[in-house]
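Engineer: First the structure, then my questions, so here it is.
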Amino acid sequence: MNFLRQAAFLDPNRHRKRRVHVLGVGALGSWVAYQLAKLGIKEIHLYDYDMIEDHNIPNQIYGKEHLGKKKVEALKELIERTVGDWCKVVTHDVDLLNERIELDDMVVCAVDSLDLRKKLWEENKDRVKLWVDGRMAITYGVVYGVDTTKNSIVKNYSISFDSDENAEESPCNERAIINNAVMISNAMVNCIVAYLKGETVPHFILVSSFPLQLQVFKEETNG
């Protein structure tokens, strides 16, 4: 892989030992993982146990040829077809709700359930360096970028969870659309870019695809 066009901004060779764990590879996670591979991340772990269905095709990275395949395996094939052996892709066909996993370094949380987000965070927050959480509705979404060295940001994120029982559920035909999914996934990837560059990671990003809007919030102190 030749990263000439980006090397002055972000040189992947300086981050060869970093890894990213992507929890859930659907409407957000599939686009995030693919971008990270193209960005030059050397090791990506994919976690999901769902299979690709017809309704996944419009808003996720997969095509008709992937119908019936496991999402993690289809995404691994896509990444390897694109970047070759530059990126080591490790798949985990795992039920995240009922099995415990141990994470480290950088994590992208793109699961559907708020309760599951909380479980994964509580089990892994002491080992993870950067935690990026994307949450999506049909035309908007939010991204939390959690640099775990910043106590105030860790505290605020830890109280951001609401039970699935209290969350308002969108109709099944009003949950995900491609332009919104890609905008939110871009914001999630940018949190990782900021972290790798040693810059302040946005701790909260509000993304709206319709009407078009982007608001970014950063905390400059280490409190």
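Residue numbering restarts at 1 for every chain of the structure tokens, chains are lettered A, B, ... in their displayed order, and ligands are numbered from 1 as they appear.
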Mind the document's chain letters and residue numbers, and return as a ChimeraX atom specification the residues of range 9-106 of chain A that DSSP labels strand (DSSP E).

Structural biologist: /A:19-23,43-47,88-92,105-106

Engineer: Please list as a ChimeraX atom specification every residue within 12 Å of Leu36 in chain A, counting only C-alpha atoms and excluding residues in the same chain fewer than 5 positions away.

Structural biologist: /A:12,18-22,29-31,41-46,79,82-83,86-89,106-108,185-186,188-193,196

Engineer: Write out as CSV a residue-level contact list of range 60-163 of chain A versus range 209-217 of chain A with cut-off 10 Å: for each qualifying residue the closest pair of atoms and the distance in Å to one decimal, counting only C-alpha atoms, rows sorted by chain and residue number upward.

Structural biologist:
residue,atom,partner,partner_atom,distance
A:Ile138,CA,A:Ser209,CA,8.9
A:Thr139,CA,A:Ser209,CA,5.4
A:Tyr140,CA,A:Ser209,CA,5.9
A:Gly141,CA,A:Ser209,CA,8.7
A:Val142,CA,A:Gln215,CA,9.6
A:Val143,CA,A:Val216,CA,9.4
A:Tyr144,CA,A:Phe217,CA,9.7
A:Gly145,CA,A:Phe217,CA,9.8

Engineer: Just to be explicit: take each residue in the selection above, keep C-alpha atoms, and write the result as a PDB file, in the first residue's frame.

Structural biologist:
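Okay, this is what ended up in out.pdb:
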ATOM      1  CA  ILE A 138     -32.783   7.964  10.463  1.00  0.00           C
ATOM      2  CA  THR A 139     -31.514  11.513   9.744  1.00  0.00           C
ATOM      3  CA  TYR A 140     -29.186  12.294  12.647  1.00  0.00           C
ATOM      4  CA  GLY A 141     -26.806  10.715  15.111  1.00  0.00           C
ATOM      5  CA  VAL A 142     -24.276  11.373  17.846  1.00  0.00           C
ATOM      6  CA  VAL A 143     -20.693  10.305  18.355  1.00  0.00           C
ATOM      7  CA  TYR A 144     -18.917  10.058  21.694  1.00  0.00           C
ATOM      8  CA  GLY A 145     -15.134  10.133  21.605  1.00  0.00           C
TER       9      GLY A 145
END

Engineer: Can you pull out every residue from range 1-219 of chain A that DSSP, working from the backbone, puts in alpha helix (DSSP H), and format the result as a VMD selection string?

Structural biologist: chain A and resid 29 to 39 71 to 83 114 to 124 151 to 158 178 to 196

Engineer: Just how far from CA of Ile61 in chain A is CA of Thr91 in chain A, in Å to one decimal?

Structural biologist: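 Going from CA of Thr91 in chain A over to CA of Ile61 in chain A covers 16.5 Å.
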
Engineer: Counting only C-alpha atoms, figure out which residue out of A:Lys70, A:Arg14, A:Arg135, A:His203 gets nearest to Tyr47 in chain A.

Structural biologist: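 Of A:Lys70, A:Arg14, A:Arg135, A:His203, the one nearest Tyr47 in chain A is A:Lys70, counting only C-alpha atoms.
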
Engineer: Between CA of Gln35 in chain A and CA of Glu199 in chain A, what is the distance in Å, rounded to a tenth?

Structural biologist: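 Between these atoms lies a distance of 19.6 Å.
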
Engineer: To one decimal place in Å, what is the distance between CA of Val154 in chain A and CA of Lys38 in chain A?

Structural biologist: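 Interatomic distance here is 29.1 Å.
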
Engineer: Name the closest residue to Asp50 in chain A among the candidates A:Asp95, A:Trp131, A:Trp121, A:Leu206; distances are taken between atoms, counting only C-alpha atoms.

Structural biologist: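 With only C-alpha atoms as the atom set, the closest residue is A:Asp95.
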
Engineer: So which residues touch range 54-57 of chain A within 9 Å, counting only C-alpha atoms, skipping near sequence neighbours fewer than 2 positions away, as a list in words?

Structural biologist: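 Final neighbour list, sorted by chain and number: Gly26, Ala27, Ile52, Asn59, Gln60, Ile61, Tyr62, Gly63, Lys64, His66, Leu67 and Gly68 of chain A.
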
Engineer: Could you write out the selected residues, including C-alpha atoms, as a short mmCIF file (atom, residue, chain, number, x, y, z; two decimals), in the first residue's frame?

Structural biologist:
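Output below, filename part_1.cif:
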data_model
loop_
_atom_site.label_atom_id
_atom_site.label_comp_id
_atom_site.auth_asym_id
_atom_site.auth_seq_id
_atom_site.Cartn_x
_atom_site.Cartn_y
_atom_site.Cartn_z
CA GLY A 26 -23.73 -3.02 10.43
CA ALA A 27 -24.76 0.42 9.21
CA ILE A 52 -26.41 -10.30 5.87
CA ASN A 59 -27.37 1.22 4.21
CA GLN A 60 -24.40 -1.07 4.88
CA ILE A 61 -21.25 -1.68 2.86
CA TYR A 62 -22.32 -5.11 1.64
CA GLY A 63 -23.62 -6.07 -1.80
CA LYS A 64 -26.07 -8.63 -3.14
CA HIS A 66 -22.92 -11.19 0.32
CA LEU A 67 -26.49 -12.22 1.10
CA GLY A 68 -26.56 -15.09 3.57
#

Engineer: Please provide the set of residues having any atom within 10 Å of Ile101 in chain A, restricted to only C-alpha atoms, with same-chain residues fewer than 4 positions apart removed, written as a list in words.

Structural biologist: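 My reading of the contact set: Tyr47, His92, Val94, Asp95, Leu96, Leu97, Leu120, Glu123 and Asn124 of chain A.
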
Engineer: Using only C-alpha atoms, which residue out of A:Val128, A:Val201, A:Met183, A:Leu78 lies closest to Ala37 in chain A?

Structural biologist: A:Leu78

Engineer: Find, counting only C-alpha atoms, the residue in A:His15, A:Arg81, A:Lys218, A:Arg175 that gets nearest to Ile153 in chain A.

Structural biologist: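 Closest to Ile153 in chain A, using only C-alpha atoms: A:Lys218.
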